[in-house]
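Visitor: Input query_17.cif, format and content: mmCIF, C-alpha atoms.
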```
data_model
loop_
_atom_site.label_atom_id
_atom_site.label_comp_id
_atom_site.auth_asym_id
_atom_site.auth_seq_id
_atom_site.Cartn_x
_atom_site.Cartn_y
_atom_site.Cartn_z
CA MET K 217 -10.93 6.32 -15.54
CA GLY K 218 -8.39 8.67 -17.13
CA ASN K 219 -5.16 7.03 -18.11
CA ALA K 220 -4.20 9.41 -20.87
CA GLY K 221 -0.67 9.71 -19.53
CA ALA K 222 0.12 6.03 -19.77
CA GLY K 223 2.23 6.51 -22.88
CA PHE K 224 4.28 9.42 -21.60
CA LEU K 225 7.85 9.12 -20.47
CA LYS K 226 9.82 11.25 -18.09
CA GLY K 227 11.26 14.23 -19.93
CA ASP K 228 8.65 14.05 -22.65
CA ASN K 229 7.74 17.66 -23.24
CA LYS K 230 4.16 16.68 -24.01
CA MET K 231 3.71 15.52 -20.43
CA ASN K 232 1.64 17.76 -18.27
CA LYS K 233 3.73 19.28 -15.51
CA LEU K 234 1.13 18.34 -12.89
CA LEU K 235 0.70 14.63 -12.23
CA MET K 236 -1.67 12.69 -10.02
CA PHE K 237 -0.55 9.18 -9.14
CA HIS K 238 -3.64 7.31 -8.04
CA ALA K 239 -4.88 3.76 -7.56
CA ARG K 240 -8.19 2.30 -8.66
CA GLU K 241 -9.13 0.78 -5.30
CA CYS K 242 -7.66 3.54 -3.10
CA PRO K 243 -10.52 5.29 -1.23
CA HIS K 244 -8.50 8.53 -0.86
CA CYS K 245 -8.02 8.62 -4.63
CA ILE K 246 -11.71 7.98 -5.19
CA VAL K 247 -12.41 11.08 -3.07
CA MET K 248 -9.77 13.19 -4.84
CA LEU K 249 -10.60 12.39 -8.48
CA PRO K 250 -13.82 14.48 -8.51
CA HIS K 251 -11.83 17.37 -6.96
CA VAL K 252 -9.41 17.13 -9.88
CA ASP K 253 -12.29 17.08 -12.37
CA ARG K 254 -13.80 20.15 -10.69
CA LEU K 255 -10.48 22.00 -10.60
CA GLU K 256 -9.95 21.42 -14.31
CA LYS K 257 -13.46 22.64 -15.02
CA GLU K 258 -13.11 25.77 -12.91
CA SER K 259 -9.57 26.77 -13.91
CA ASP K 260 -6.89 26.36 -16.59
CA VAL K 261 -5.18 23.68 -14.54
CA LYS K 262 -4.59 20.30 -16.16
CA ILE K 263 -3.55 17.31 -14.10
CA GLU K 264 -2.38 14.08 -15.68
CA ARG K 265 -4.08 11.16 -13.95
CA LEU K 266 -1.83 8.12 -13.73
CA GLU K 267 -3.22 4.90 -12.27
CA VAL K 268 -0.38 2.92 -10.72
CA TRP K 269 -1.68 -0.46 -9.51
CA HIS K 270 -3.10 -1.59 -12.86
CA ASN K 271 -0.65 0.13 -15.21
CA GLU K 272 3.01 -0.88 -14.99
CA LYS K 273 4.25 2.04 -17.06
CA ASN K 274 2.64 4.50 -14.68
CA ALA K 275 3.92 2.49 -11.72
CA ASP K 276 7.48 2.62 -13.09
CA LEU K 277 7.14 6.36 -13.60
CA MET K 278 6.04 6.84 -9.98
CA ARG K 279 8.88 4.61 -8.78
CA SER K 280 11.34 6.70 -10.81
CA TYR K 281 10.39 9.67 -8.60
CA ARG K 282 10.95 7.75 -5.32
CA ASP K 283 13.66 10.12 -4.08
CA ILE K 284 11.34 13.09 -4.50
CA ILE K 285 8.05 11.56 -3.37
CA GLU K 286 9.03 9.42 -0.38
CA PRO K 287 10.40 12.18 1.89
CA LYS K 288 7.09 14.02 1.54
CA CYS K 289 4.82 10.97 1.85
CA GLY K 290 5.82 9.16 5.02
CA GLY K 291 8.81 7.48 3.37
CA GLN K 292 6.58 5.56 0.95
CA LEU K 293 4.95 5.77 -2.46
CA ARG K 294 1.50 6.54 -1.14
CA THR K 295 -1.55 7.33 -3.20
CA PRO K 296 -2.80 9.76 -4.12
CA THR K 297 0.37 11.75 -4.75
CA PHE K 298 0.26 14.99 -6.70
CA MET K 299 3.53 16.10 -8.23
CA ASN K 300 4.71 19.18 -10.06
CA THR K 301 7.45 17.85 -12.35
CA GLU K 302 8.94 21.32 -12.88
CA THR K 303 9.37 22.24 -9.23
CA ASN K 304 9.23 18.74 -7.67
CA ASP K 305 6.56 20.09 -5.34
CA ILE K 306 4.54 17.24 -3.80
CA LEU K 307 1.08 17.05 -2.29
CA CYS K 308 0.35 13.77 -0.62
CA GLY K 309 -2.93 12.19 0.43
CA GLU K 310 -6.57 13.19 0.72
CA VAL K 311 -7.04 16.95 1.12
CA LYS K 312 -9.87 19.44 0.78
CA TYR K 313 -10.63 20.90 -2.65
CA GLU K 314 -9.26 24.30 -1.65
CA GLU K 315 -5.93 22.81 -0.61
CA LEU K 316 -5.59 21.01 -3.92
CA LYS K 317 -6.47 24.21 -5.75
CA ASP K 318 -3.93 26.26 -3.76
CA TRP K 319 -1.25 23.66 -4.48
CA ALA K 320 -2.04 23.44 -8.19
CA THR K 321 -2.31 27.16 -8.81
CA LYS K 322 0.57 28.55 -6.74
CA MET Z 749 18.99 -9.03 8.27
CA LYS Z 750 15.82 -11.12 8.35
CA LYS Z 751 16.08 -14.75 7.30
CA PHE Z 752 13.82 -17.73 6.87
CA TRP Z 753 13.76 -20.44 9.51
CA ARG Z 754 12.07 -23.86 9.45
CA CYS Z 755 11.03 -25.98 12.41
CA HIS Z 756 12.64 -29.32 11.66
CA VAL Z 757 9.83 -31.11 13.49
CA CYS Z 758 6.63 -29.66 12.00
CA ASN Z 759 7.88 -27.49 9.08
CA ASP Z 760 6.51 -24.23 10.48
CA ILE Z 761 8.19 -21.31 8.74
CA HIS Z 762 9.41 -18.21 10.57
CA PHE Z 763 10.74 -15.04 8.93
CA GLY Z 764 12.85 -12.94 11.27
CA ILE Z 765 16.27 -11.96 12.53
CA VAL Z 766 16.21 -14.76 15.09
CA PRO Z 767 14.05 -17.91 15.21
CA PRO Z 768 11.56 -18.54 18.05
CA GLU Z 769 13.06 -20.54 20.91
CA LEU Z 770 9.85 -22.52 21.24
CA CYS Z 771 7.97 -23.61 18.13
CA PRO Z 772 4.47 -22.12 18.58
CA THR Z 773 2.89 -25.06 16.74
CA CYS Z 774 4.58 -28.23 17.98
CA LYS Z 775 6.09 -26.72 21.17
CA VAL Z 776 9.52 -28.24 20.58
CA LEU Z 777 12.48 -26.28 21.96
CA ASN Z 778 15.32 -25.02 19.71
CA ALA Z 779 13.80 -26.62 16.64
CA TYR Z 780 14.43 -23.95 14.02
CA VAL Z 781 17.07 -24.20 11.32
CA GLU Z 782 17.92 -21.47 8.81
CA ILE Z 783 16.76 -22.13 5.25
CA SER Z 784 16.89 -20.34 1.90
CA SER Z 785 14.03 -18.15 0.69
CA GLU Z 786 13.54 -20.62 -2.21
CA GLU Z 787 13.00 -23.49 0.22
CA ALA Z 788 10.66 -21.37 2.34
CA GLN Z 789 8.66 -20.45 -0.73
CA LYS Z 790 8.37 -24.10 -1.81
CA ILE Z 791 7.09 -25.14 1.62
CA CYS Z 792 4.61 -22.24 1.75
CA VAL Z 793 3.33 -22.72 -1.80
CA SER Z 794 2.88 -26.47 -1.30
CA THR Z 795 0.44 -25.86 1.55
CA GLU Z 796 -1.98 -24.04 -0.83
CA ALA Z 797 -3.26 -21.93 2.05
CA LYS Z 798 -4.81 -19.23 -0.09
CA MET Z 799 -7.57 -17.21 1.53
CA ASP Z 800 -10.72 -15.86 -0.03
CA LYS Z 801 -12.20 -12.51 0.95
CA VAL Z 802 -14.51 -14.01 3.58
CA GLU Z 803 -11.64 -15.83 5.26
CA PHE Z 804 -9.39 -12.77 5.14
CA ARG Z 805 -12.16 -10.63 6.58
CA ALA Z 806 -12.58 -13.13 9.44
CA ALA Z 807 -8.80 -13.13 10.00
CA ILE Z 808 -8.55 -9.36 10.31
CA GLU Z 809 -11.64 -9.23 12.55
CA LYS Z 810 -9.91 -11.74 14.84
CA PHE Z 811 -6.69 -9.71 14.64
CA THR Z 812 -8.51 -6.60 15.90
CA GLU Z 813 -10.44 -8.45 18.64
CA ASP Z 814 -8.07 -7.71 21.50
CA ASN Z 815 -6.56 -4.56 20.07
CA GLU Z 816 -7.43 -0.89 20.45
CA PHE Z 817 -8.33 -0.67 16.77
CA GLN Z 818 -11.14 -2.14 14.69
CA VAL Z 819 -11.93 -2.88 11.07
CA ASN Z 820 -13.44 0.32 9.69
CA PRO Z 821 -17.24 0.24 10.12
CA ASP Z 822 -17.59 2.00 6.73
CA LYS Z 823 -18.68 -1.00 4.65
CA ASN Z 824 -18.18 0.66 1.24
CA ARG Z 825 -14.62 1.61 2.11
CA VAL Z 826 -13.82 -1.88 3.34
CA ASP Z 827 -15.36 -3.45 0.20
CA THR Z 828 -13.26 -1.18 -2.05
CA LEU Z 829 -10.11 -1.97 -0.09
CA MET Z 830 -10.80 -5.72 -0.13
CA GLU Z 831 -11.14 -5.55 -3.90
CA GLY Z 832 -7.78 -3.76 -4.09
CA ILE Z 833 -6.01 -6.09 -1.66
CA PHE Z 834 -7.12 -9.16 -3.60
CA ASN Z 835 -6.27 -7.56 -6.96
CA CYS Z 836 -2.79 -6.87 -5.57
CA GLU Z 837 -2.45 -10.51 -4.57
CA LYS Z 838 -3.70 -11.69 -7.98
CA ASN Z 839 -1.55 -9.29 -10.03
CA HIS Z 840 1.49 -8.76 -7.81
CA GLY Z 841 1.71 -11.84 -5.59
CA MET Z 842 0.88 -10.48 -2.13
CA LYS Z 843 -1.87 -8.67 -0.29
CA TYR Z 844 -0.28 -5.27 -0.66
CA CYS Z 845 -1.98 -2.09 0.55
CA PRO Z 846 -4.05 -0.71 -2.35
CA CYS Z 847 -3.02 2.84 -1.35
CA ARG Z 848 0.75 2.45 -1.54
CA LEU Z 849 2.81 1.31 -4.49
CA ILE Z 850 5.43 -1.43 -4.22
CA THR Z 851 9.06 -0.44 -4.77
CA LYS Z 852 10.01 -3.89 -6.18
CA ASP Z 853 12.46 -4.36 -3.31
CA PHE Z 854 10.95 -7.52 -1.76
CA GLU Z 855 12.00 -6.83 1.81
CA GLU Z 856 10.97 -3.18 1.67
CA ASP Z 857 7.62 -4.15 0.18
CA LEU Z 858 6.87 -6.56 3.02
CA LYS Z 859 6.06 -3.38 4.97
CA LEU Z 860 3.11 -2.86 2.61
CA VAL Z 861 1.48 -6.24 3.14
CA CYS Z 862 -1.91 -5.92 4.83
CA PRO Z 863 -2.20 -5.68 7.79
CA CYS Z 864 0.88 -3.45 7.93
CA ASN Z 865 2.57 -2.06 11.04
CA PHE Z 866 0.36 1.02 10.95
CA ARG Z 867 0.71 1.70 14.67
CA ILE Z 868 4.02 3.44 13.98
CA HIS Z 869 2.61 5.62 11.18
CA GLU Z 870 1.83 9.28 11.72
CA THR Z 871 -1.75 8.70 10.51
CA TYR Z 872 -2.39 6.45 13.55
CA LYS Z 873 0.19 7.09 16.27
CA ASP Z 874 -0.95 9.51 19.01
CA LYS Z 875 -4.17 10.28 17.13
CA VAL Z 876 -7.55 9.88 18.82
CA ASP Z 877 -9.18 9.11 15.46
CA GLY Z 878 -6.09 7.39 14.03
CA GLU Z 879 -6.34 5.17 10.98
CA CYS Z 880 -3.94 3.11 8.93
CA TRP Z 881 -3.01 4.90 5.69
CA CYS Z 882 -5.74 3.25 3.62
CA GLY Z 883 -8.35 3.40 6.40
CA LEU Z 884 -9.02 -0.33 6.70
CA PHE Z 885 -8.23 -0.13 10.41
CA LYS Z 886 -9.19 2.67 12.74
CA ARG Z 887 -8.87 3.32 16.43
CA ARG Z 888 -11.91 2.27 18.48
#
```
Can you dump the structure from the file as structure tokens?

Guide:
Amino acid sequence: MGNAGAGFLKGDNKMNKLLMFHARECPHCIVMLPHVDRLEKESDVKIERLEVWHNEKNADLMRSYRDIIEPKCGGQLRTPTFMNTETNDILCGEVKYEELKDWATK
Amino acid sequence: MKKFWRCHVCNDIHFGIVPPELCPTCKVLNAYVEISSEEAQKICVSTEAKMDKVEFRAAIEKFTEDNEFQVNPDKNRVDTLMEGIFNCEKNHGMKYCPCRLITKDFEEDLKLVCPCNFRIHETYKDKVDGECWCGLFKRR
């Protein structure tokens, strides 16, 4: 499972602008991860996958975005959450591939 | 604000704004006294009432028995979620929902303990095919 972003900190210019906060045992995330793989294969989009229930650094990063994520995700830090760190645009939950693609490429 | 209460007769613990008038275990009236969270924790930990997956599964089946929702018939999904719930308990102390991250505010995070109050969530409320956020419970 990709955890390449585990060492990144907020504001680090090496961090991909698109993040996916996911959890290992979250069925919605298990559905969405192959969509992310496919999107990366079929486009220039790169999404940083950050597992949050087994990686405290990633969890702290997600918590640091509470004010941005919660209003868009039922008032909670739900997984999966996709976030554009430049625009603070959020996509929350399990969606169809096309919806993820539209969100990531707009 | 919610507080911990202890029945001075049988040591039942209640967490709520007000204590029950009648203790549901020993049936004594006006038996609850307010206690600290530390004391509540000591009493709860000393009972060693940890559940394994089979017992938890039986508990949630019983919980759904007389309700309009059921445990999701999708076995793979339930197995994945059970794994997550028990990993949360092992690593973070409580059976938190594997699909929502804790905030580290204890009281706020109580809302994430499974089973949560999913009936108020937009994924369940007023939906014919409503589910809790993670999908462990779904409308019959």

Visitor: What do you get, as a ChimeraX atom specification, if you spell out every residue that the PyMOL selection byres ((chain Z and resi 846) around 10) selects here?

Guide: /K:238-243,268-269,294-295 /Z:828-836,843-845,847-850,860-862,881-882

Visitor: Could you tell me, as JSON, numbers by chain, exactly which residues end up selected when the PyMOL selection byres ((chain K) within 12 of (chain Z)) is applied to this structure?

Guide: {"K": [237, 238, 239, 240, 241, 242, 243, 244, 245, 246, 247, 267, 268, 269, 270, 271, 272, 274, 275, 276, 277, 278, 279, 280, 281, 282, 283, 285, 286, 289, 290, 291, 292, 293, 294, 295, 296, 297, 308, 309, 310]}

Visitor: What does the distance from CA of Val819 (chain Z) to CA of Glu879 (chain Z) come to in Å, to one decimal?

Guide: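 Between these atoms lies a distance of 9.8 Å.
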
Visitor: What does the distance from CA of Cys774 (chain Z) to CA of His762 (chain Z) come to in Å, to one decimal?

Guide: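 So the answer is 13.4 Å.
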
Visitor: Could you spell out the hits of the PyMOL selection byres ((chain K and resi 315-318) around 9) on the shown file, as a ChimeraX atom specification?

Guide: /K:248,251-252,255,261,298,307,311-314,319-322

Visitor: In Å to one decimal, how far is CA of Lys798 (chain Z) from CA of Asp760 (chain Z)?

Guide: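 Calculated distance between CA of Asp760 (chain Z) and CA of Lys798 (chain Z) is 16.3 Å.
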
Visitor: Go through Z:Met799, Z:Cys755, Z:Ala806, Z:Val876 one by one, measure the shortest atom-to-atom distance of each to Ile783 (chain Z) using all atoms listed in the file, and give the residue with the smallest value.

Guide: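 For Ile783 (chain Z), the nearest of the given residues is Z:Cys755.
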
Visitor: Work out where the centre of an axis-aligned box around every listed atom of region 293-310 of chain K lies and how long its edges are once 4 Å is added on each side; give both in Å to one decimal as JSON.

Guide:
```
{"center_x": 1.4, "center_y": 14.0, "center_z": -6.1, "size_x": 23.9, "size_y": 24.5, "size_z": 21.6}
```

Visitor: Give me the residues near Arg867 (chain Z) as a ChimeraX atom specification, where near means some atom within 8 Å (using all atoms listed in the file) and where sequence neighbours in that chain fewer than 4 positions away do not count.

Guide: /Z:872-873,880
